[in-house]
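Heads up, work-v6.cif below (mmCIF, C-alpha atoms; chains and numbers go by the auth columns):
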data_input
#
loop_
_atom_site.group_PDB
_atom_site.id
_atom_site.type_symbol
_atom_site.label_atom_id
_atom_site.label_comp_id
_atom_site.label_asym_id
_atom_site.label_seq_id
_atom_site.Cartn_x
_atom_site.Cartn_y
_atom_site.Cartn_z
_atom_site.B_iso_or_equiv
_atom_site.auth_seq_id
_atom_site.auth_asym_id
ATOM 1 C CA GLU A 1 97.874 109.063 117.335 0.00 169 A
ATOM 2 C CA LEU A 2 100.469 110.780 115.133 0.00 170 A
ATOM 3 C CA THR A 3 103.075 110.280 117.845 0.00 171 A
ATOM 4 C CA VAL A 4 102.230 106.579 118.073 0.00 172 A
ATOM 5 C CA LYS A 5 102.612 106.319 114.281 0.00 173 A
ATOM 6 C CA ASN A 6 106.011 108.045 114.627 0.00 174 A
ATOM 7 C CA LEU A 7 104.949 110.850 112.283 0.00 175 A
ATOM 8 C CA ILE A 8 105.490 113.594 114.854 0.00 176 A
ATOM 9 C CA LYS A 9 107.352 113.933 118.114 0.00 177 A
ATOM 10 C CA HIS A 10 106.869 116.327 120.981 0.00 178 A
ATOM 11 C CA MET A 11 109.830 118.536 121.819 0.00 179 A
ATOM 12 C CA SER A 12 110.065 120.263 125.194 0.00 180 A
ATOM 13 C CA ASN A 13 109.281 123.965 124.907 0.00 181 A
ATOM 14 C CA ARG A 14 108.852 123.647 121.113 0.00 182 A
ATOM 15 C CA GLY A 15 105.675 121.633 120.611 0.00 183 A
ATOM 16 C CA ALA A 16 105.123 118.977 117.972 0.00 184 A
ATOM 17 C CA VAL A 17 107.489 118.581 115.003 0.00 185 A
ATOM 18 C CA VAL A 18 107.288 116.289 111.981 0.00 186 A
ATOM 19 C CA THR A 19 109.748 113.410 112.240 0.00 187 A
ATOM 20 C CA GLU A 20 112.055 112.348 109.447 0.00 188 A
ATOM 21 C CA PRO A 21 112.533 108.605 109.185 0.00 189 A
ATOM 22 C CA THR A 22 116.116 107.483 109.606 0.00 190 A
ATOM 23 C CA PRO A 23 117.756 105.761 106.630 0.00 191 A
ATOM 24 C CA GLU A 24 117.440 102.490 108.571 0.00 192 A
ATOM 25 C CA GLU A 25 113.706 103.057 109.088 0.00 193 A
ATOM 26 C CA VAL A 26 113.228 103.827 105.397 0.00 194 A
ATOM 27 C CA GLU A 27 115.002 100.580 104.499 0.00 195 A
ATOM 28 C CA ASP A 28 112.878 98.633 106.997 0.00 196 A
ATOM 29 C CA ILE A 29 109.726 100.234 105.567 0.00 197 A
ATOM 30 C CA TYR A 30 110.823 99.306 102.044 0.00 198 A
ATOM 31 C CA HIS A 31 111.463 95.649 102.896 0.00 199 A
ATOM 32 C CA THR A 32 108.241 95.340 104.882 0.00 200 A
ATOM 33 C CA ARG A 33 106.194 96.899 102.080 0.00 201 A
ATOM 34 C CA VAL A 34 107.661 94.499 99.525 0.00 202 A
ATOM 35 C CA LEU A 35 106.773 91.577 101.779 0.00 203 A
ATOM 36 C CA LEU A 36 103.228 92.714 102.627 0.00 204 A
ATOM 37 C CA GLU A 37 102.358 93.933 99.153 0.00 205 A
ATOM 38 C CA SER A 38 103.614 90.699 97.561 0.00 206 A
ATOM 39 C CA TYR A 39 101.367 88.776 99.954 0.00 207 A
ATOM 40 C CA ALA A 40 98.372 91.012 99.206 0.00 208 A
ATOM 41 C CA ILE A 41 98.749 90.883 95.423 0.00 209 A
ATOM 42 C CA GLU A 42 97.365 87.324 95.175 0.00 210 A
ATOM 43 C CA PHE A 43 94.177 88.497 96.864 0.00 211 A
ATOM 44 C CA VAL A 44 94.039 91.762 94.912 0.00 212 A
ATOM 45 C CA VAL A 45 94.161 89.880 91.614 0.00 213 A
ATOM 46 C CA ALA A 46 91.559 87.349 92.776 0.00 214 A
ATOM 47 C CA ASN A 47 89.176 90.081 93.982 0.00 215 A
ATOM 48 C CA MET A 48 89.705 92.646 91.198 0.00 216 A
ATOM 49 C CA ASN A 49 86.519 93.657 89.386 0.00 217 A
ATOM 50 C CA SER A 50 85.718 96.151 86.647 0.00 218 A
ATOM 51 C CA THR A 51 84.472 98.818 89.089 0.00 219 A
ATOM 52 C CA SER A 52 87.667 98.697 91.162 0.00 220 A
ATOM 53 C CA LEU A 53 89.820 98.669 88.030 0.00 221 A
ATOM 54 C CA LYS A 54 88.000 101.724 86.667 0.00 222 A
ATOM 55 C CA SER A 55 88.670 103.635 89.911 0.00 223 A
ATOM 56 C CA ILE A 56 92.358 102.723 89.736 0.00 224 A
ATOM 57 C CA GLU A 57 92.512 103.893 86.105 0.00 225 A
ATOM 58 C CA LEU A 58 90.855 107.218 87.003 0.00 226 A
ATOM 59 C CA TYR A 59 93.354 107.814 89.822 0.00 227 A
ATOM 60 C CA GLU A 60 96.189 107.169 87.358 0.00 228 A
ATOM 61 C CA ILE A 61 94.750 109.685 84.898 0.00 229 A
ATOM 62 C CA ALA A 62 94.489 112.270 87.702 0.00 230 A
ATOM 63 C CA PHE A 63 98.071 111.433 88.778 0.00 231 A
ATOM 64 C CA GLU A 64 99.357 112.030 85.230 0.00 232 A
ATOM 65 C CA LYS A 65 97.435 115.318 84.972 0.00 233 A
ATOM 66 C CA SER A 66 98.920 116.450 88.297 0.00 234 A
ATOM 67 C CA LEU A 67 102.399 115.607 87.008 0.00 235 A
ATOM 68 C CA GLU A 68 101.797 117.642 83.834 0.00 236 A
ATOM 69 C CA GLU A 69 100.581 120.592 85.915 0.00 237 A
ATOM 70 C CA GLU A 70 103.396 120.117 88.441 0.00 238 A
ATOM 71 C CA ASN A 71 100.720 120.043 91.124 0.00 239 A
ATOM 72 C CA LEU A 72 102.624 118.473 94.026 0.00 240 A
ATOM 73 C CA ARG A 73 99.539 118.118 96.226 0.00 241 A
ATOM 74 C CA GLY A 74 97.751 116.302 93.398 0.00 242 A
ATOM 75 C CA ILE A 75 100.787 114.113 92.687 0.00 243 A
ATOM 76 C CA PHE A 76 100.906 112.938 96.295 0.00 244 A
ATOM 77 C CA GLN A 77 97.130 112.619 96.614 0.00 245 A
ATOM 78 C CA TYR A 78 96.496 110.637 93.427 0.00 246 A
ATOM 79 C CA ASN A 79 99.552 108.427 93.855 0.00 247 A
ATOM 80 C CA ARG A 80 98.294 107.564 97.354 0.00 248 A
ATOM 81 C CA LEU A 81 94.743 106.964 96.126 0.00 249 A
ATOM 82 C CA PHE A 82 96.022 104.826 93.229 0.00 250 A
ATOM 83 C CA HIS A 83 97.889 102.501 95.593 0.00 251 A
ATOM 84 C CA GLN A 84 95.136 102.526 98.247 0.00 252 A
ATOM 85 C CA ALA A 85 92.574 101.531 95.635 0.00 253 A
ATOM 86 C CA ILE A 86 94.723 98.579 94.579 0.00 254 A
ATOM 87 C CA PHE A 87 95.448 97.185 98.025 0.00 255 A
ATOM 88 C CA GLY A 88 91.985 97.999 99.318 0.00 256 A
ATOM 89 C CA VAL A 89 90.760 95.225 97.019 0.00 257 A
ATOM 90 C CA CYS A 90 92.828 92.545 98.802 0.00 258 A
ATOM 91 C CA GLY A 91 89.936 91.788 101.158 0.00 259 A
ATOM 92 C CA ASN A 92 92.092 91.767 104.277 0.00 260 A
ATOM 93 C CA LYS A 93 91.416 95.032 106.071 0.00 261 A
ATOM 94 C CA ILE A 94 94.378 94.633 108.452 0.00 262 A
ATOM 95 C CA VAL A 95 96.903 94.011 105.659 0.00 263 A
ATOM 96 C CA SER A 96 95.454 96.888 103.627 0.00 264 A
ATOM 97 C CA GLU A 97 95.690 99.236 106.635 0.00 265 A
ATOM 98 C CA MET A 98 99.255 98.136 107.390 0.00 266 A
ATOM 99 C CA ILE A 99 100.330 98.807 103.793 0.00 267 A
ATOM 100 C CA ASP A 100 98.686 102.222 103.964 0.00 268 A
ATOM 101 C CA GLN A 101 100.365 103.032 107.290 0.00 269 A
ATOM 102 C CA LEU A 102 103.776 102.079 105.903 0.00 270 A
ATOM 103 C CA ARG A 103 103.153 104.203 102.809 0.00 271 A
ATOM 104 C CA ASN A 104 102.146 107.113 105.065 0.00 272 A
ATOM 105 C CA ARG A 105 105.283 106.731 107.156 0.00 273 A
ATOM 106 C CA SER A 106 107.418 106.806 104.062 0.00 274 A
ATOM 107 C CA ARG A 107 105.482 109.657 102.408 0.00 275 A
ATOM 108 C CA ILE A 108 107.810 112.092 104.156 0.00 276 A
ATOM 109 C CA TRP A 109 110.696 111.080 101.900 0.00 277 A
ATOM 110 C CA PHE A 110 108.648 111.223 98.691 0.00 278 A
ATOM 111 C CA ARG A 111 109.866 114.803 98.254 0.00 279 A
ATOM 112 C CA TYR A 112 113.290 113.371 97.435 0.00 280 A
ATOM 113 C CA ILE A 113 111.879 110.835 95.010 0.00 281 A
ATOM 114 C CA ARG A 114 109.320 112.957 93.184 0.00 282 A
ATOM 115 C CA SER A 115 111.844 115.659 92.312 0.00 283 A
ATOM 116 C CA SER A 116 113.321 113.633 89.429 0.00 284 A
ATOM 117 C CA PRO A 117 111.613 113.961 86.005 0.00 285 A
ATOM 118 C CA GLN A 118 112.967 110.513 85.094 0.00 286 A
ATOM 119 C CA HIS A 119 111.364 109.009 88.179 0.00 287 A
ATOM 120 C CA ARG A 120 108.080 110.712 87.339 0.00 288 A
ATOM 121 C CA LYS A 121 108.069 109.184 83.854 0.00 289 A
ATOM 122 C CA LYS A 122 108.969 105.776 85.300 0.00 290 A
ATOM 123 C CA SER A 123 106.128 106.032 87.838 0.00 291 A
ATOM 124 C CA VAL A 124 103.586 106.619 85.079 0.00 292 A
ATOM 125 C CA LYS A 125 105.019 103.745 83.024 0.00 293 A
ATOM 126 C CA ASP A 126 104.930 101.478 86.104 0.00 294 A
ATOM 127 C CA HIS A 127 101.375 102.484 86.992 0.00 295 A
ATOM 128 C CA LEU A 128 100.169 101.711 83.465 0.00 296 A
ATOM 129 C CA ALA A 129 101.921 98.321 83.559 0.00 297 A
ATOM 130 C CA ILE A 130 100.359 97.635 86.992 0.00 298 A
ATOM 131 C CA ILE A 131 96.921 98.377 85.533 0.00 299 A
ATOM 132 C CA GLU A 132 97.607 96.001 82.653 0.00 300 A
ATOM 133 C CA CYS A 133 98.636 93.241 85.102 0.00 301 A
ATOM 134 C CA LEU A 134 95.437 93.827 87.071 0.00 302 A
ATOM 135 C CA ARG A 135 93.398 93.698 83.875 0.00 303 A
ATOM 136 C CA SER A 136 95.059 90.441 82.744 0.00 304 A
ATOM 137 C CA LYS A 137 95.124 89.027 86.310 0.00 305 A
ATOM 138 C CA ASP A 138 98.863 88.277 86.076 0.00 306 A
ATOM 139 C CA SER A 139 99.853 88.117 89.755 0.00 307 A
ATOM 140 C CA ALA A 140 103.417 86.863 89.126 0.00 308 A
ATOM 141 C CA LYS A 141 104.241 89.742 86.794 0.00 309 A
ATOM 142 C CA LEU A 142 102.469 92.193 89.119 0.00 310 A
ATOM 143 C CA LYS A 143 104.568 91.058 92.106 0.00 311 A
ATOM 144 C CA SER A 144 107.772 91.568 90.132 0.00 312 A
ATOM 145 C CA LEU A 145 106.622 94.924 88.784 0.00 313 A
ATOM 146 C CA ASN A 146 105.512 96.105 92.224 0.00 314 A
ATOM 147 C CA LYS A 147 108.868 95.182 93.766 0.00 315 A
ATOM 148 C CA ASN A 148 110.704 97.043 90.985 0.00 316 A
ATOM 149 C CA HIS A 149 108.396 100.047 91.460 0.00 317 A
ATOM 150 C CA LEU A 150 109.161 100.161 95.183 0.00 318 A
ATOM 151 C CA THR A 151 112.875 99.531 94.572 0.00 319 A
ATOM 152 C CA ALA A 152 113.125 102.492 92.194 0.00 320 A
ATOM 153 C CA GLY A 153 111.714 104.806 94.849 0.00 321 A
ATOM 154 C CA PHE A 154 113.979 103.397 97.521 0.00 322 A
ATOM 155 C CA LYS A 155 117.079 103.738 95.308 0.00 323 A
ATOM 156 C CA SER A 156 116.135 107.299 94.412 0.00 324 A
ATOM 157 C CA TYR A 157 115.715 108.111 98.092 0.00 325 A
ATOM 158 C CA LYS A 158 119.173 106.733 98.903 0.00 326 A
ATOM 159 C CA GLU A 159 120.787 108.597 95.993 0.00 327 A
ATOM 160 C CA ASN A 160 119.134 111.904 96.889 0.00 328 A
ATOM 161 C CA MET A 161 119.179 111.672 100.669 0.00 329 A
ATOM 162 C CA ILE A 162 119.989 114.953 102.320 0.00 330 A
ATOM 163 C CA ILE A 163 121.916 114.656 105.555 0.00 331 A
ATOM 164 C CA ILE A 164 120.957 117.397 108.010 0.00 332 A
#
Once you've parsed the file, please lay out its structure as structure tokens.
Amino acid sequence: ELTVKNLIKHMSNRGAVVTEPTPEEVEDIYHTRVLLESYAIEFVVANMNSTSLKSIELYEIAFEKSLEEENLRGIFQYNRLFHQAIFGVCGNKIVSEMIDQLRNRSRIWFRYIRSSPQHRKKSVKDHLAIIECLRSKDSAKLKSLNKNHLTAGFKSYKENMIII
């Protein structure tokens, strides 16, 4: 299953190794996420309820605490859960799964993005603004904010890309 998802590849006489997405794949993932997430946002906003919003807020609090503690595992985990909780509300299981799969494919390059203290601060600011858009049910602003949030990560990846 991991091979099908292009997360690992089998090397003769070496076993399985984690794959790095090519810069072209990262760009394709970025554009596809913007497209799918923009589509899903209308449904997320329409289906958002107080229970779902509370879960999203708790994941953001845990994300911030992980950042303060420099707990990389927590940073990755709570960022993932924050975004999964948002797009899980869209009501379309296939779209939600596709967004999650794309996020998982791109998670490999998060190590480049999450290394910047400025990016960390921007992520928290973005997450809080996303929560406010969800609370006020402002789908237009949320789409714009989400695209900018994804763009910042993509730009950081390109600026910090390590060529091996």
So, counting all atoms listed in the file, which residue among A:Thr219, A:Thr200, A:Ile224, A:Ser284 is closest to Tyr325 in chain A?
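With all atoms listed in the file as the atom set, the closest residue is A:Ser284.
Distances here use all atoms listed in the file; by that measure, the residue among A:Ala214, A:Ile209, A:Met266, A:Val292 closest to Ala230 in chain A is A:Val292.
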Considering all atoms listed in the file, state which residue in the set A:Gln286, A:Ser307, A:Phe231, A:Val257 is at the smallest distance from Gln245 in chain A.
A:Phe231
Could you write out as lines of an AutoDock Vina configuration file the box around range 191-198 of chain A (axis-aligned, all atoms listed in the file, 4 Å on each side), with centre and edge lengths in Å to one decimal?
center_x = 113.7
center_y = 102.2
center_z = 105.6
size_x = 16.0
size_y = 15.1
size_z = 15.0
Restricting the calculation to only C-alpha atoms: of A:Ile298, A:Leu226, A:Ile262, A:Val213, which residue gets closest to Lys315 in chain A?
A:Ile298
Once the PyMOL selection byres ((chain A and resi 194) around 12) is applied to the coordinates I shared, what remains selected? I want it as a count of residues only.
31
Using all atoms listed in the file, find the one residue out of A:Glu238, A:Glu205, A:Glu232, A:Glu210 that sits nearest to Lys305 in chain A.
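Going through A:Glu238, A:Glu205, A:Glu232, A:Glu210 one by one, the smallest distance to Lys305 in chain A is for A:Glu210.
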Where does the PyMOL selection byres ((chain A and resi 263) around 12) land in this file, that is, which residues does it pick, as number ranges by chain?
A: 200-201, 203-209, 211-212, 252, 255-262, 264-270
Chain and number of each residue from the PyMOL selection byres ((chain A and resi 243) around 12), as a tab-separated table (two decimals) with C-alpha atoms, keeping the file's coordinate frame:
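In the end it all went to part14.tsv:
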chain	number	residue	atom	x	y	z
A	227	TYR	CA	93.35	107.81	89.82
A	228	GLU	CA	96.19	107.17	87.36
A	229	ILE	CA	94.75	109.68	84.90
A	230	ALA	CA	94.49	112.27	87.70
A	231	PHE	CA	98.07	111.43	88.78
A	232	GLU	CA	99.36	112.03	85.23
A	233	LYS	CA	97.44	115.32	84.97
A	234	SER	CA	98.92	116.45	88.30
A	235	LEU	CA	102.40	115.61	87.01
A	236	GLU	CA	101.80	117.64	83.83
A	237	GLU	CA	100.58	120.59	85.92
A	238	GLU	CA	103.40	120.12	88.44
A	239	ASN	CA	100.72	120.04	91.12
A	240	LEU	CA	102.62	118.47	94.03
A	241	ARG	CA	99.54	118.12	96.23
A	242	GLY	CA	97.75	116.30	93.40
A	244	PHE	CA	100.91	112.94	96.30
A	245	GLN	CA	97.13	112.62	96.61
A	246	TYR	CA	96.50	110.64	93.43
A	247	ASN	CA	99.55	108.43	93.86
A	248	ARG	CA	98.29	107.56	97.35
A	249	LEU	CA	94.74	106.96	96.13
A	250	PHE	CA	96.02	104.83	93.23
A	275	ARG	CA	105.48	109.66	102.41
A	278	PHE	CA	108.65	111.22	98.69
A	279	ARG	CA	109.87	114.80	98.25
A	281	ILE	CA	111.88	110.84	95.01
A	282	ARG	CA	109.32	112.96	93.18
A	283	SER	CA	111.84	115.66	92.31
A	288	ARG	CA	108.08	110.71	87.34
A	291	SER	CA	106.13	106.03	87.84
A	292	VAL	CA	103.59	106.62	85.08
By how many Å are CA of Leu302 in chain A and CA of His317 in chain A apart?
15.0 Å
Here CA of Met216 in chain A and CA of Glu300 in chain A stand apart by 12.1 Å
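Atom pair CA of Glu327 in chain A / CA of Leu170 in chain A: separated by 28.0 Å.
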Given the choices A:Val186, A:Lys309, A:Ile299, A:Glu169, which gets closest to Glu225 in chain A if the distance is worked out from only C-alpha atoms?
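Residue with the minimum atom-to-atom distance to Glu225 in chain A: A:Ile299.
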Since the input lacks some atoms of range 200-219 of chain A, please model N, CA, C and O atoms and print them as a PDB file, in the coordinates of the input.
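Final file, result.pdb:
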ATOM      1  N   THR A 200     109.532  95.779 104.352  1.00  0.00           N
ATOM      2  CA  THR A 200     108.241  95.340 104.882  1.00  0.00           C
ATOM      3  C   THR A 200     107.140  95.548 103.850  1.00  0.00           C
ATOM      4  O   THR A 200     106.265  94.687 103.683  1.00  0.00           O
ATOM      5  N   ARG A 201     107.199  96.669 103.127  1.00  0.00           N
ATOM      6  CA  ARG A 201     106.194  96.899 102.080  1.00  0.00           C
ATOM      7  C   ARG A 201     106.291  95.848 100.984  1.00  0.00           C
ATOM      8  O   ARG A 201     105.265  95.346 100.519  1.00  0.00           O
ATOM      9  N   VAL A 202     107.500  95.524 100.564  1.00  0.00           N
ATOM     10  CA  VAL A 202     107.661  94.499  99.525  1.00  0.00           C
ATOM     11  C   VAL A 202     107.030  93.195  99.996  1.00  0.00           C
ATOM     12  O   VAL A 202     106.284  92.543  99.257  1.00  0.00           O
ATOM     13  N   LEU A 203     107.302  92.823 101.225  1.00  0.00           N
ATOM     14  CA  LEU A 203     106.773  91.577 101.779  1.00  0.00           C
ATOM     15  C   LEU A 203     105.242  91.595 101.851  1.00  0.00           C
ATOM     16  O   LEU A 203     104.573  90.688 101.351  1.00  0.00           O
ATOM     17  N   LEU A 204     104.686  92.629 102.456  1.00  0.00           N
ATOM     18  CA  LEU A 204     103.228  92.714 102.627  1.00  0.00           C
ATOM     19  C   LEU A 204     102.500  92.867 101.295  1.00  0.00           C
ATOM     20  O   LEU A 204     101.464  92.228 101.072  1.00  0.00           O
ATOM     21  N   GLU A 205     103.036  93.703 100.420  1.00  0.00           N
ATOM     22  CA  GLU A 205     102.358  93.933  99.153  1.00  0.00           C
ATOM     23  C   GLU A 205     102.419  92.687  98.268  1.00  0.00           C
ATOM     24  O   GLU A 205     101.455  92.386  97.561  1.00  0.00           O
ATOM     25  N   SER A 206     103.527  91.954  98.324  1.00  0.00           N
ATOM     26  CA  SER A 206     103.614  90.699  97.561  1.00  0.00           C
ATOM     27  C   SER A 206     102.570  89.704  98.060  1.00  0.00           C
ATOM     28  O   SER A 206     101.932  89.009  97.265  1.00  0.00           O
ATOM     29  N   TYR A 207     102.389  89.647  99.369  1.00  0.00           N
ATOM     30  CA  TYR A 207     101.367  88.776  99.954  1.00  0.00           C
ATOM     31  C   TYR A 207      99.971  89.201  99.479  1.00  0.00           C
ATOM     32  O   TYR A 207      99.157  88.376  99.057  1.00  0.00           O
ATOM     33  N   ALA A 208      99.709  90.503  99.520  1.00  0.00           N
ATOM     34  CA  ALA A 208      98.372  91.012  99.206  1.00  0.00           C
ATOM     35  C   ALA A 208      98.017  90.888  97.727  1.00  0.00           C
ATOM     36  O   ALA A 208      96.830  90.771  97.388  1.00  0.00           O
ATOM     37  N   ILE A 209      99.014  90.886  96.862  1.00  0.00           N
ATOM     38  CA  ILE A 209      98.749  90.883  95.423  1.00  0.00           C
ATOM     39  C   ILE A 209      97.916  89.680  94.980  1.00  0.00           C
ATOM     40  O   ILE A 209      97.028  89.814  94.135  1.00  0.00           O
ATOM     41  N   GLU A 210      98.167  88.507  95.545  1.00  0.00           N
ATOM     42  CA  GLU A 210      97.365  87.324  95.175  1.00  0.00           C
ATOM     43  C   GLU A 210      95.876  87.583  95.408  1.00  0.00           C
ATOM     44  O   GLU A 210      95.035  87.233  94.581  1.00  0.00           O
ATOM     45  N   PHE A 211      95.563  88.214  96.515  1.00  0.00           N
ATOM     46  CA  PHE A 211      94.177  88.497  96.864  1.00  0.00           C
ATOM     47  C   PHE A 211      93.615  89.653  96.034  1.00  0.00           C
ATOM     48  O   PHE A 211      92.440  89.639  95.657  1.00  0.00           O
ATOM     49  N   VAL A 212      94.458  90.641  95.755  1.00  0.00           N
ATOM     50  CA  VAL A 212      94.039  91.762  94.912  1.00  0.00           C
ATOM     51  C   VAL A 212      93.609  91.246  93.545  1.00  0.00           C
ATOM     52  O   VAL A 212      92.537  91.584  93.047  1.00  0.00           O
ATOM     53  N   VAL A 213      94.462  90.416  92.949  1.00  0.00           N
ATOM     54  CA  VAL A 213      94.161  89.880  91.614  1.00  0.00           C
ATOM     55  C   VAL A 213      92.888  89.029  91.649  1.00  0.00           C
ATOM     56  O   VAL A 213      92.031  89.147  90.772  1.00  0.00           O
ATOM     57  N   ALA A 214      92.743  88.214  92.669  1.00  0.00           N
ATOM     58  CA  ALA A 214      91.559  87.349  92.776  1.00  0.00           C
ATOM     59  C   ALA A 214      90.270  88.162  92.966  1.00  0.00           C
ATOM     60  O   ALA A 214      89.212  87.766  92.478  1.00  0.00           O
ATOM     61  N   ASN A 215      90.366  89.283  93.654  1.00  0.00           N
ATOM     62  CA  ASN A 215      89.176  90.081  93.982  1.00  0.00           C
ATOM     63  C   ASN A 215      88.926  91.249  93.029  1.00  0.00           C
ATOM     64  O   ASN A 215      87.921  91.953  93.176  1.00  0.00           O
ATOM     65  N   MET A 216      89.838  91.488  92.080  1.00  0.00           N
ATOM     66  CA  MET A 216      89.705  92.646  91.198  1.00  0.00           C
ATOM     67  C   MET A 216      88.450  92.519  90.328  1.00  0.00           C
ATOM     68  O   MET A 216      88.172  91.461  89.772  1.00  0.00           O
ATOM     69  N   ASN A 217      87.704  93.619  90.250  1.00  0.00           N
ATOM     70  CA  ASN A 217      86.519  93.657  89.386  1.00  0.00           C
ATOM     71  C   ASN A 217      86.577  94.919  88.531  1.00  0.00           C
ATOM     72  O   ASN A 217      87.451  95.775  88.720  1.00  0.00           O
ATOM     73  N   SER A 218      85.673  95.034  87.600  1.00  0.00           N
ATOM     74  CA  SER A 218      85.718  96.151  86.647  1.00  0.00           C
ATOM     75  C   SER A 218      85.512  97.505  87.332  1.00  0.00           C
ATOM     76  O   SER A 218      86.110  98.501  86.919  1.00  0.00           O
ATOM     77  N   THR A 219      84.702  97.554  88.375  1.00  0.00           N
ATOM     78  CA  THR A 219      84.472  98.818  89.089  1.00  0.00           C
ATOM     79  C   THR A 219      85.746  99.277  89.787  1.00  0.00           C
ATOM     80  O   THR A 219      86.123 100.455  89.694  1.00  0.00           O
TER      81      THR A 219
END
